[in-house]
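> For reference, the file upload-v4.cif (mmCIF, C-alpha atoms) is included below:
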data_final
#
loop_
_atom_site.label_atom_id
_atom_site.label_comp_id
_atom_site.auth_asym_id
_atom_site.auth_seq_id
_atom_site.Cartn_x
_atom_site.Cartn_y
_atom_site.Cartn_z
CA MET A 1 14.19 -11.78 21.31
CA ASN A 2 11.14 -9.52 21.42
CA GLN A 3 10.36 -9.14 17.72
CA TYR A 4 7.18 -11.20 18.00
CA LYS A 5 6.02 -9.54 21.21
CA VAL A 6 2.29 -8.83 21.12
CA GLU A 7 0.57 -6.57 23.60
CA PRO A 8 -2.19 -3.96 23.61
CA THR A 9 -0.68 -0.63 22.59
CA LYS A 10 -1.47 2.94 23.41
CA ILE A 11 1.05 4.19 20.87
CA PRO A 12 -0.72 6.88 18.82
CA ILE A 13 -0.71 6.70 15.05
CA ASP A 14 -1.78 8.80 12.09
CA ILE A 15 -4.20 7.28 9.59
CA MET A 16 -4.27 8.67 6.05
CA VAL A 17 -7.41 8.01 4.01
CA PRO A 18 -7.39 9.19 0.37
CA VAL A 19 -10.91 9.89 -0.90
CA HIS A 20 -12.05 10.14 -4.51
CA GLY A 21 -15.82 10.08 -4.70
CA ARG A 22 -17.79 7.04 -3.52
CA ILE A 23 -19.18 8.55 -0.31
CA ASP A 24 -20.73 5.15 0.44
CA LEU A 25 -17.28 3.52 0.63
CA THR A 26 -15.82 6.47 2.52
CA MET A 27 -18.46 6.27 5.25
CA LYS A 28 -18.01 2.52 5.54
CA CYS A 29 -14.24 2.89 5.75
CA VAL A 30 -14.25 5.69 8.34
CA ASN A 31 -16.95 4.10 10.51
CA ALA A 32 -14.90 0.90 10.66
CA LEU A 33 -11.75 2.83 11.64
CA TYR A 34 -13.54 4.41 14.60
CA GLU A 35 -15.15 1.15 15.68
CA ARG A 36 -12.23 -1.24 15.15
CA THR A 37 -8.95 0.62 15.79
CA SER A 38 -7.29 -0.08 19.13
CA ALA A 39 -4.62 2.67 19.08
CA PRO A 40 -5.43 6.34 19.60
CA PHE A 41 -5.25 7.98 16.18
CA HIS A 42 -5.26 11.18 14.17
CA LEU A 43 -7.33 10.84 10.99
CA ILE A 44 -6.09 12.65 7.87
CA ILE A 45 -8.58 12.81 4.99
CA LEU A 46 -7.09 13.61 1.56
CA ASP A 47 -10.07 14.38 -0.65
CA ASP A 48 -9.93 15.28 -4.34
CA THR A 49 -13.58 14.60 -5.09
CA PRO A 50 -14.81 17.04 -7.78
CA GLN A 51 -16.23 20.36 -6.60
CA ASP A 52 -19.78 19.40 -7.48
CA ASP A 53 -19.62 16.93 -4.60
CA THR A 54 -17.31 18.65 -2.12
CA PRO A 55 -16.78 20.76 -0.09
CA ASP A 56 -20.44 21.78 -0.45
CA GLY A 57 -21.75 18.33 -1.32
CA LEU A 58 -21.96 14.95 0.32
CA THR A 59 -18.31 14.29 1.14
CA GLY A 60 -17.58 17.70 2.58
CA GLU A 61 -20.82 17.72 4.57
CA TYR A 62 -20.11 14.26 5.98
CA PHE A 63 -16.73 15.34 7.35
CA ARG A 64 -18.04 18.67 8.62
CA ARG A 65 -20.54 16.75 10.73
CA LEU A 66 -18.01 14.13 11.75
CA LYS A 67 -15.59 16.79 13.00
CA LYS A 68 -18.29 17.93 15.45
CA GLN A 69 -18.24 14.43 16.95
CA HIS A 70 -14.48 13.82 16.89
CA ASP A 71 -11.60 16.19 17.57
CA ASN A 72 -8.96 14.05 15.81
CA ILE A 73 -9.72 14.82 12.14
CA THR A 74 -7.70 16.84 9.64
CA TYR A 75 -9.71 17.25 6.43
CA LEU A 76 -7.89 18.38 3.29
CA HIS A 77 -9.60 19.06 -0.02
CA SER A 78 -7.54 19.37 -3.19
CA PRO A 79 -9.11 21.56 -5.90
CA LYS A 80 -7.31 19.45 -8.51
CA PRO A 81 -7.37 15.65 -8.77
CA TYR A 82 -4.24 13.95 -7.49
CA LYS A 83 -2.12 12.62 -10.34
CA GLU A 84 -0.63 9.67 -8.44
CA GLY A 85 -0.57 7.92 -5.11
CA ASN A 86 2.75 9.39 -4.00
CA GLU A 87 1.32 12.88 -4.40
CA PHE A 88 -1.33 12.43 -1.74
CA PHE A 89 0.95 10.34 0.47
CA ASN A 90 3.56 13.10 0.48
CA GLU A 91 0.95 15.76 1.20
CA GLY A 92 -0.51 13.70 4.02
CA LEU A 93 2.90 13.06 5.60
CA GLY A 94 3.22 16.80 6.11
CA PHE A 95 0.22 16.72 8.47
CA CYS A 96 1.25 13.64 10.45
CA LYS A 97 1.76 14.10 14.19
CA TYR A 98 3.23 10.71 15.10
CA ASP A 99 6.04 8.32 14.18
CA PHE A 100 3.78 5.69 12.58
CA VAL A 101 1.19 6.31 9.89
CA ALA A 102 -1.31 3.88 8.40
CA THR A 103 -2.43 4.21 4.79
CA VAL A 104 -6.02 3.05 4.34
CA MET A 105 -7.74 3.65 1.02
CA ASN A 106 -11.41 4.56 1.27
CA SER A 107 -12.06 1.27 -0.54
CA VAL A 108 -10.75 -0.69 2.48
CA THR A 109 -12.85 -1.78 5.47
CA VAL A 110 -10.65 -2.74 8.42
CA ASP A 111 -11.37 -5.67 10.74
CA PHE A 112 -11.32 -5.47 14.54
CA GLY A 113 -7.88 -4.89 16.08
CA TRP A 114 -6.23 -4.58 12.67
CA ASP A 115 -3.56 -2.24 14.02
CA MET A 116 -2.64 -3.76 17.38
CA VAL A 117 -0.02 -6.35 16.38
CA ALA A 118 1.59 -4.28 13.62
CA VAL A 119 1.99 -1.14 15.74
CA GLY A 120 3.53 -3.12 18.59
CA PHE A 121 5.83 -4.98 16.20
CA MET A 122 7.06 -1.80 14.52
CA HIS A 123 7.60 -0.17 17.91
CA HIS A 124 9.78 -3.06 19.13
CA ASN A 125 11.70 -3.43 15.84
CA PRO A 126 13.31 -0.13 14.81
CA LYS A 127 14.58 -1.43 11.44
CA VAL A 128 11.06 -2.10 10.14
CA GLY A 129 10.03 0.60 7.67
CA ILE A 130 6.75 -0.73 6.24
CA ILE A 131 4.28 -3.40 7.32
CA GLY A 132 1.67 -4.55 4.83
CA PHE A 133 -1.59 -6.05 6.06
CA LYS A 134 -3.69 -8.91 4.75
CA THR A 135 -6.25 -7.67 2.23
CA LEU A 136 -9.22 -9.81 1.33
CA GLN A 137 -11.48 -9.61 -1.68
CA SER A 138 -15.16 -9.04 -0.97
CA SER A 139 -15.69 -12.79 -1.48
CA GLY A 140 -13.46 -13.44 1.55
CA VAL A 141 -10.46 -14.94 -0.26
CA ILE A 142 -7.04 -13.32 -0.02
CA GLU A 143 -6.21 -10.53 -2.45
CA THR A 144 -2.59 -10.10 -1.30
CA THR A 145 -0.26 -10.60 1.65
CA GLY A 146 2.66 -8.83 0.00
CA ILE A 147 4.53 -9.04 -3.26
CA ASP A 148 7.35 -11.24 -4.49
CA ILE A 149 9.22 -10.96 -7.79
CA VAL A 150 9.38 -14.19 -9.79
CA GLY A 151 11.86 -13.58 -12.58
CA PHE A 152 10.68 -10.09 -13.45
CA THR A 153 6.98 -10.63 -12.70
CA PRO A 154 5.41 -9.31 -9.46
CA ILE A 155 3.26 -11.95 -7.74
CA ASP A 156 0.65 -11.32 -5.04
CA ILE A 157 1.59 -13.80 -2.32
CA GLY A 158 -1.38 -15.87 -1.18
CA LYS A 159 -3.76 -14.59 -3.84
CA ASP A 160 -7.06 -16.54 -3.89
CA CYS A 161 -6.15 -18.57 -0.79
CA ALA A 162 -8.76 -18.91 1.95
CA GLY A 163 -9.04 -15.78 4.06
CA HIS A 164 -8.04 -17.52 7.31
CA GLN A 165 -4.67 -18.60 5.90
CA LEU A 166 -1.27 -16.84 6.17
CA THR A 167 -1.91 -15.52 9.66
CA VAL A 168 1.78 -14.89 10.30
CA MET A 169 4.44 -12.21 10.61
CA SER A 170 6.87 -12.52 7.70
CA GLU A 171 9.42 -10.37 5.87
CA ARG A 172 8.53 -9.41 2.29
CA ASN A 173 10.28 -7.96 -0.77
CA ALA A 174 7.44 -5.49 -1.36
CA THR A 175 3.91 -4.68 -0.35
CA VAL A 176 0.96 -2.61 -1.52
CA LEU A 177 0.17 0.69 0.19
CA ALA A 178 -3.60 0.49 -0.10
CA PHE A 179 -3.51 -0.90 3.46
CA ALA A 180 -0.20 -0.62 5.28
CA LEU A 181 1.63 0.81 8.29
CA LEU A 182 4.56 3.11 7.54
CA ARG A 183 7.34 4.42 9.72
CA LYS A 184 7.39 8.12 8.88
CA GLU A 185 11.18 8.26 9.10
CA ALA A 186 11.50 5.48 6.51
CA VAL A 187 9.20 6.92 3.86
CA LYS A 188 9.35 10.69 4.19
CA GLY A 189 11.42 12.04 1.29
CA ASN A 190 11.57 8.61 -0.38
CA MET A 191 8.20 8.57 -2.19
CA GLN A 192 9.22 10.06 -5.52
CA GLU A 193 6.68 11.76 -7.74
CA GLY A 194 6.55 12.11 -11.51
CA ILE A 195 8.10 8.73 -12.35
CA TYR A 196 5.06 6.53 -13.00
CA ASN A 197 1.63 6.88 -14.58
CA GLY A 198 -0.69 7.30 -11.62
CA PHE A 199 -3.16 4.73 -10.28
CA VAL A 200 -2.33 1.92 -12.72
CA GLY A 201 0.21 -0.07 -10.69
CA TRP A 202 3.94 -0.56 -10.04
CA ASP A 203 4.55 2.57 -7.94
CA ASP A 204 3.87 0.73 -4.65
CA ILE A 205 6.45 -1.91 -5.57
CA ASP A 206 8.92 0.81 -6.46
CA ASN A 207 8.31 2.54 -3.10
CA SER A 208 9.02 -0.72 -1.30
CA PHE A 209 12.26 -1.23 -3.23
CA VAL A 210 13.41 2.31 -2.48
CA VAL A 211 12.71 1.88 1.23
CA ARG A 212 14.56 -1.45 1.30
CA GLN A 213 17.48 0.09 -0.58
CA LYS A 214 17.69 2.68 2.19
CA GLY A 215 18.22 -0.15 4.68
CA TRP A 216 14.70 -0.58 6.05
CA GLN A 217 12.81 -3.87 6.29
CA ILE A 218 9.42 -4.62 4.70
CA TRP A 219 7.15 -6.97 6.68
CA TYR A 220 3.72 -8.54 6.40
CA CYS A 221 1.28 -8.80 9.32
CA GLY A 222 -1.32 -11.51 8.84
CA LEU A 223 -3.07 -10.51 12.05
CA GLY A 224 -4.22 -7.21 10.57
CA VAL A 225 -7.02 -7.69 8.06
CA GLY A 226 -9.12 -5.51 5.77
CA ILE A 227 -11.54 -6.09 2.92
CA HIS A 228 -10.52 -4.22 -0.24
CA GLU A 229 -12.98 -3.26 -2.97
CA THR A 230 -10.45 -3.45 -5.81
CA ARG A 231 -10.52 -0.58 -8.32
CA ALA A 232 -13.65 0.80 -6.67
CA THR A 233 -12.56 4.45 -6.74
CA ARG A 234 -9.64 5.20 -9.09
CA GLY A 235 -8.88 1.94 -10.82
CA SER A 236 -9.82 1.07 -14.38
CA ASN A 237 -9.90 -1.97 -16.65
CA SER A 238 -9.77 0.16 -19.80
CA LYS A 239 -7.32 -0.35 -22.65
CA GLU A 240 -5.71 2.99 -21.81
CA ALA A 241 -5.10 1.88 -18.23
CA LEU A 242 -3.60 -1.37 -19.47
CA LEU A 243 -1.20 0.49 -21.76
CA LYS A 244 -0.17 2.80 -18.92
CA ASN A 245 0.38 -0.22 -16.68
CA ARG A 246 2.69 -1.75 -19.29
CA ALA A 247 4.56 1.54 -19.58
CA ASN A 248 4.98 1.56 -15.80
CA ALA A 249 6.32 -1.99 -15.92
CA GLU A 250 9.00 -0.92 -18.39
CA ILE A 251 9.94 2.05 -16.19
CA PHE A 252 10.26 -0.30 -13.22
CA TYR A 253 12.38 -2.83 -15.16
CA LYS A 254 14.78 -0.10 -16.26
CA ARG A 255 15.07 1.37 -12.75
CA TRP A 256 15.77 -1.93 -11.00
CA GLY A 257 17.93 -3.94 -13.40
CA TYR A 258 15.31 -6.09 -15.12
CA TRP A 259 15.25 -4.43 -18.53
CA ASP A 260 17.69 -6.64 -20.43
CA LEU A 261 16.05 -9.78 -19.13
CA TYR A 262 12.59 -8.44 -19.96
CA GLN A 263 13.63 -7.70 -23.53
CA LYS A 264 15.23 -11.11 -23.93
CA ALA A 265 12.16 -12.90 -22.63
CA ASN A 266 9.95 -11.00 -25.07
CA SER A 267 12.19 -11.67 -28.06
CA MET A 268 12.85 -15.38 -27.53
CA ASP A 269 10.66 -18.38 -28.06
CA ILE A 270 10.52 -19.48 -24.43
CA MET A 271 9.13 -22.88 -25.38
CA HIS A 272 12.41 -23.64 -27.18
CA ASP A 273 14.69 -22.53 -24.39
CA LYS A 274 12.53 -22.59 -21.26
CA SER A 275 15.09 -24.05 -18.84
CA LYS A 276 17.74 -21.46 -19.74
CA ILE A 277 15.35 -18.55 -19.31
CA VAL A 278 14.11 -19.85 -15.95
CA GLU A 279 17.70 -20.24 -14.76
CA GLU A 280 18.55 -16.67 -15.78
CA LEU A 281 15.35 -15.29 -14.22
CA ASN A 282 16.13 -16.95 -10.90
CA GLY A 283 19.72 -15.75 -11.02
CA LEU A 284 18.70 -12.14 -11.64
CA SER A 285 16.10 -12.30 -8.89
CA THR A 286 18.78 -13.40 -6.40
CA ILE A 287 21.14 -10.64 -7.52
CA LEU A 288 18.40 -8.01 -7.30
CA GLN A 289 17.38 -9.06 -3.79
CA SER A 290 20.98 -8.74 -2.63
CA LYS A 291 21.25 -5.33 -4.31
CA VAL A 292 18.06 -3.97 -2.78
CA ALA A 293 18.84 -5.30 0.69
CA VAL A 294 22.04 -3.23 0.99
#
So, in terms of structure tokens, how does the structure I just supplied come out?


Amino acid sequence: MNQYKVEPTKIPIDIMVPVHGRIDLTMKCVNALYERTSAPFHLIILDDTPQDDTPDGLTGEYFRRLKKQHDNITYLHSPKPYKEGNEFFNEGLGFCKYDFVATVMNSVTVDFGWDMVAVGFMHHNPKVGIIGFKTLQSSGVIETTGIDIVGFTPIDIGKDCAGHQLTVMSERNATVLAFALLRKEAVKGNMQEGIYNGFVGWDDIDNSFVVRQKGWQIWYCGLGVGIHETRATRGSNSKEALLKNRANAEIFYKRWGYWDLYQKANSMDIMHDKSKIVEELNGLSTILQSKVAV
């Protein structure tokens, strides 16, 4: 079998970088991509920074100068802020030139050779639709290596483990798209807009479930690493964001068969019937995985 074959690749890829202010992070992100990417690439910048900063301010000027140095940049400025992640992903997909596209938020700084193993793996395994990379917190511990569903709760696999751990290739139920490699065929037309509140969570998990339902595999590549400055550009810890996140959770539960279990868990005293709830959670998780894998 060749599914773990690793070799230097000259397979070209697109790289989409959404930008929302924070020119300091954007420059750090883009500089790292040029210094540490092994594959030839086409860089797509999706910028909705307010007009007082771009195109006549810092962000626009930075990319105008950068385009004089590199002939592989497509710079797109939206006059209106993007409402959700799928909106800028779908716009960016329309400008992609190649079969594989990496999504790298401007809050991510890639490590050397981050793309090499994942691109080769996806090339040799035509059923793979998405590969998530290892993201580290700025402290160096793992932020996520993919997402599992325990009962009805999404769990970041490997969270807070040492950064050198989980250096493997492994199949996952879901992954985050802040730092991932997508097969264009698997995601184009499948990233639905207008379902979730934007930039407060759950839409990435939903995207993964949709792609798996279409018959594609989701994998994790522990040999591709980036440092993620969490919530550095669009995220928020406000009460409003928390309420929107909870609303998104309910939307997700209803879409994927968790709603009845979620309601039961919130209406029962789990301390009085813990074993029964755990048994039902595990049973539903198994059923859901079978359903999504079809």

> Residues near Thr153 in chain A, anyone? I mean within 10 Å using only C-alpha atoms, not counting same-chain ones fewer than 3 positions away, as a PyMOL selection string.

chain A and resi 147-150+156+249+253+258+262+281

> Please write the residues picked by the PyMOL selection byres ((chain A and resi 209) around 9) on this file as a list in words.

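That expression, the PyMOL selection byres ((chain A and resi 209) around 9), corresponds here to Asn173, Ala174, Asp204, Ile205, Asp206, Asn207, Ser208, Val210, Val211, Arg212, Gln213, Lys214, Trp256, Val292 and Ala293 of chain A.
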
> Run the PyMOL selection byres ((chain A and resi 218-223) around 9) mentally over the shown coordinates, then write out the matched residues as a PyMOL selection string, using the chain letters and numbers from the document.

chain A and resi 113-118+128-134+145-146+165-175+180+208+211-212+216-217+224-225

> Tell me, in Å to one decimal, how far CA of Gln192 in chain A is from CA of Val110 in chain A.

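Taking CA of Gln192 in chain A and CA of Val110 in chain A, their separation equals 27.4 Å.
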
> Counting only C-alpha atoms, figure out which residue out of A:Phe100, A:Ile44, A:Asn106, A:Lys68 gets nearest to Asn31 in chain A.

A:Asn106

> Fewer than 5 positions away in the same chain doesn't count, so skip those; otherwise give me all residues within 12 Å of Glu240 in chain A, counting all atoms listed in the file, as a PyMOL selection string.

chain A and resi 197+199-200+235+245-247

> Around all the atoms of range 149-163 of chain A listed in the file, with 3 Å of room on each side, what axis-aligned box do you get, giving centre and edge lengths in Å to one decimal, as AutoDock Vina command-line options?


--center_x 1.4 --center_y -14.1 --center_z -4.7 --size_x 26.9 --size_y 15.6 --size_z 23.5

> Between CA of Arg22 in chain A and CA of Glu193 in chain A, what is the distance, to one decimal in Å?

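Those two atoms sit 25.3 Å apart.
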
> Grab the CA of Leu33 in chain A to CA of Ile157 in chain A distance for me, in Å with one decimal place.

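Spanning CA of Leu33 in chain A to CA of Ile157 in chain A is a straight-line distance of 25.5 Å.
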
> Just the residues within 10 Å of Glu91 in chain A, please, counting all atoms listed in the file, with nothing from its chain fewer than 5 positions along; format it as a ChimeraX atom specification.

/A:46,76,86,96

> Atoms to include: C-alpha atoms. Write the selected residues as a CSV table (one decimal), keeping the file's coordinate frame.


chain,number,residue,atom,x,y,z
A,46,LEU,CA,-7.1,13.6,1.6
A,76,LEU,CA,-7.9,18.4,3.3
A,86,ASN,CA,2.8,9.4,-4.0
A,96,CYS,CA,1.2,13.6,10.4

> From the list A:Leu58, A:Met105, A:Leu25, A:Leu261, which residue is nearest Gly85 in chain A when using all atoms listed in the file?

A:Met105

> For Gln137 in chain A, which of A:Cys161, A:Val187, A:Leu181, A:Ile251 is the closest residue, counting only C-alpha atoms?

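Smallest distance to Gln137 in chain A is found for A:Cys161.
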
> Apply the PyMOL selection byres ((chain A and resi 13) around 8) to the file shown and report the selected residues as a ChimeraX atom specification.

/A:11-12,14-15,39-42,97-102

> What residues have an atom no more than 6 Å from (-11.1, -18.0, -0.1) in the file's own frame, counting only C-alpha atoms, and can you write them as a PyMOL selection string?

chain A and resi 140-141+160-163

> Only N, CA and C atoms, as a compact mmCIF listing (two decimals), in the first residue's frame: that is what I want for range 53-88 of chain A.


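File written: decode.txt
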# COMPACT_ATOMS: atom_id res chain seq x y z
N ASP A 53 -8.31 51.15 6.26
CA ASP A 53 -7.01 50.49 6.29
C ASP A 53 -6.62 49.97 4.92
N THR A 54 -7.58 49.64 4.09
CA THR A 54 -7.30 49.05 2.79
C THR A 54 -8.44 49.39 1.82
N PRO A 55 -8.18 49.58 0.52
CA PRO A 55 -6.93 49.28 -0.16
C PRO A 55 -5.87 50.37 -0.08
N ASP A 56 -6.21 51.54 0.48
CA ASP A 56 -5.25 52.64 0.48
C ASP A 56 -4.39 52.69 1.73
N GLY A 57 -4.61 51.77 2.66
CA GLY A 57 -3.86 51.77 3.90
C GLY A 57 -2.80 50.69 3.96
N LEU A 58 -2.54 50.21 5.15
CA LEU A 58 -1.42 49.31 5.36
C LEU A 58 -1.56 47.98 4.64
N THR A 59 -2.73 47.34 4.76
CA THR A 59 -2.89 46.01 4.18
C THR A 59 -2.79 46.06 2.66
N GLY A 60 -3.54 46.97 2.05
CA GLY A 60 -3.50 47.08 0.60
C GLY A 60 -2.11 47.42 0.10
N GLU A 61 -1.43 48.35 0.77
CA GLU A 61 -0.09 48.75 0.36
C GLU A 61 0.90 47.59 0.48
N TYR A 62 0.76 46.82 1.54
CA TYR A 62 1.64 45.65 1.73
C TYR A 62 1.53 44.69 0.55
N PHE A 63 0.30 44.39 0.14
CA PHE A 63 0.14 43.42 -0.95
C PHE A 63 0.46 44.04 -2.32
N ARG A 64 0.26 45.33 -2.48
CA ARG A 64 0.70 45.96 -3.72
C ARG A 64 2.21 45.82 -3.89
N ARG A 65 2.94 46.03 -2.82
CA ARG A 65 4.40 45.88 -2.88
C ARG A 65 4.80 44.43 -3.06
N LEU A 66 4.09 43.52 -2.37
CA LEU A 66 4.44 42.11 -2.45
C LEU A 66 4.22 41.56 -3.86
N LYS A 67 3.18 42.06 -4.54
CA LYS A 67 2.90 41.58 -5.89
C LYS A 67 4.00 41.99 -6.87
N LYS A 68 4.78 43.01 -6.55
CA LYS A 68 5.91 43.39 -7.39
C LYS A 68 7.06 42.40 -7.23
N GLN A 69 7.08 41.70 -6.10
CA GLN A 69 8.14 40.71 -5.84
C GLN A 69 7.74 39.31 -6.27
N HIS A 70 6.45 39.01 -6.26
CA HIS A 70 5.96 37.66 -6.55
C HIS A 70 4.83 37.73 -7.57
N ASP A 71 4.85 36.81 -8.52
CA ASP A 71 3.83 36.81 -9.57
C ASP A 71 2.74 35.76 -9.32
N ASN A 72 2.64 35.29 -8.08
CA ASN A 72 1.68 34.21 -7.77
C ASN A 72 0.59 34.65 -6.81
N ILE A 73 0.26 35.94 -6.76
CA ILE A 73 -0.69 36.47 -5.78
C ILE A 73 -1.95 36.96 -6.46
N THR A 74 -3.09 36.51 -5.95
CA THR A 74 -4.39 37.09 -6.29
C THR A 74 -4.91 37.78 -5.03
N TYR A 75 -5.09 39.09 -5.10
CA TYR A 75 -5.54 39.86 -3.95
C TYR A 75 -6.97 40.33 -4.18
N LEU A 76 -7.85 39.97 -3.26
CA LEU A 76 -9.27 40.31 -3.36
C LEU A 76 -9.68 41.11 -2.13
N HIS A 77 -10.26 42.27 -2.36
CA HIS A 77 -10.76 43.06 -1.24
C HIS A 77 -12.28 43.15 -1.30
N SER A 78 -12.93 42.76 -0.21
CA SER A 78 -14.39 42.84 -0.12
C SER A 78 -14.77 44.17 0.54
N PRO A 79 -15.64 44.95 -0.10
CA PRO A 79 -16.06 46.22 0.50
C PRO A 79 -16.92 46.03 1.75
N LYS A 80 -17.49 44.84 1.91
CA LYS A 80 -18.29 44.53 3.08
C LYS A 80 -17.64 43.40 3.87
N PRO A 81 -17.71 43.44 5.18
CA PRO A 81 -17.14 42.34 5.98
C PRO A 81 -17.81 41.02 5.65
N TYR A 82 -17.02 39.95 5.59
CA TYR A 82 -17.60 38.62 5.41
C TYR A 82 -18.44 38.27 6.63
N LYS A 83 -19.57 37.61 6.39
CA LYS A 83 -20.47 37.25 7.48
C LYS A 83 -20.10 35.94 8.14
N GLU A 84 -19.39 35.07 7.40
CA GLU A 84 -19.05 33.75 7.94
C GLU A 84 -17.89 33.17 7.15
N GLY A 85 -17.28 32.13 7.72
CA GLY A 85 -16.15 31.51 7.07
C GLY A 85 -16.46 30.93 5.71
N ASN A 86 -17.61 30.28 5.57
CA ASN A 86 -17.93 29.65 4.29
C ASN A 86 -18.08 30.67 3.17
N GLU A 87 -18.40 31.91 3.52
CA GLU A 87 -18.53 32.95 2.50
C GLU A 87 -17.18 33.22 1.84
N PHE A 88 -16.13 33.41 2.65
CA PHE A 88 -14.85 33.67 1.99
C PHE A 88 -14.21 32.41 1.43
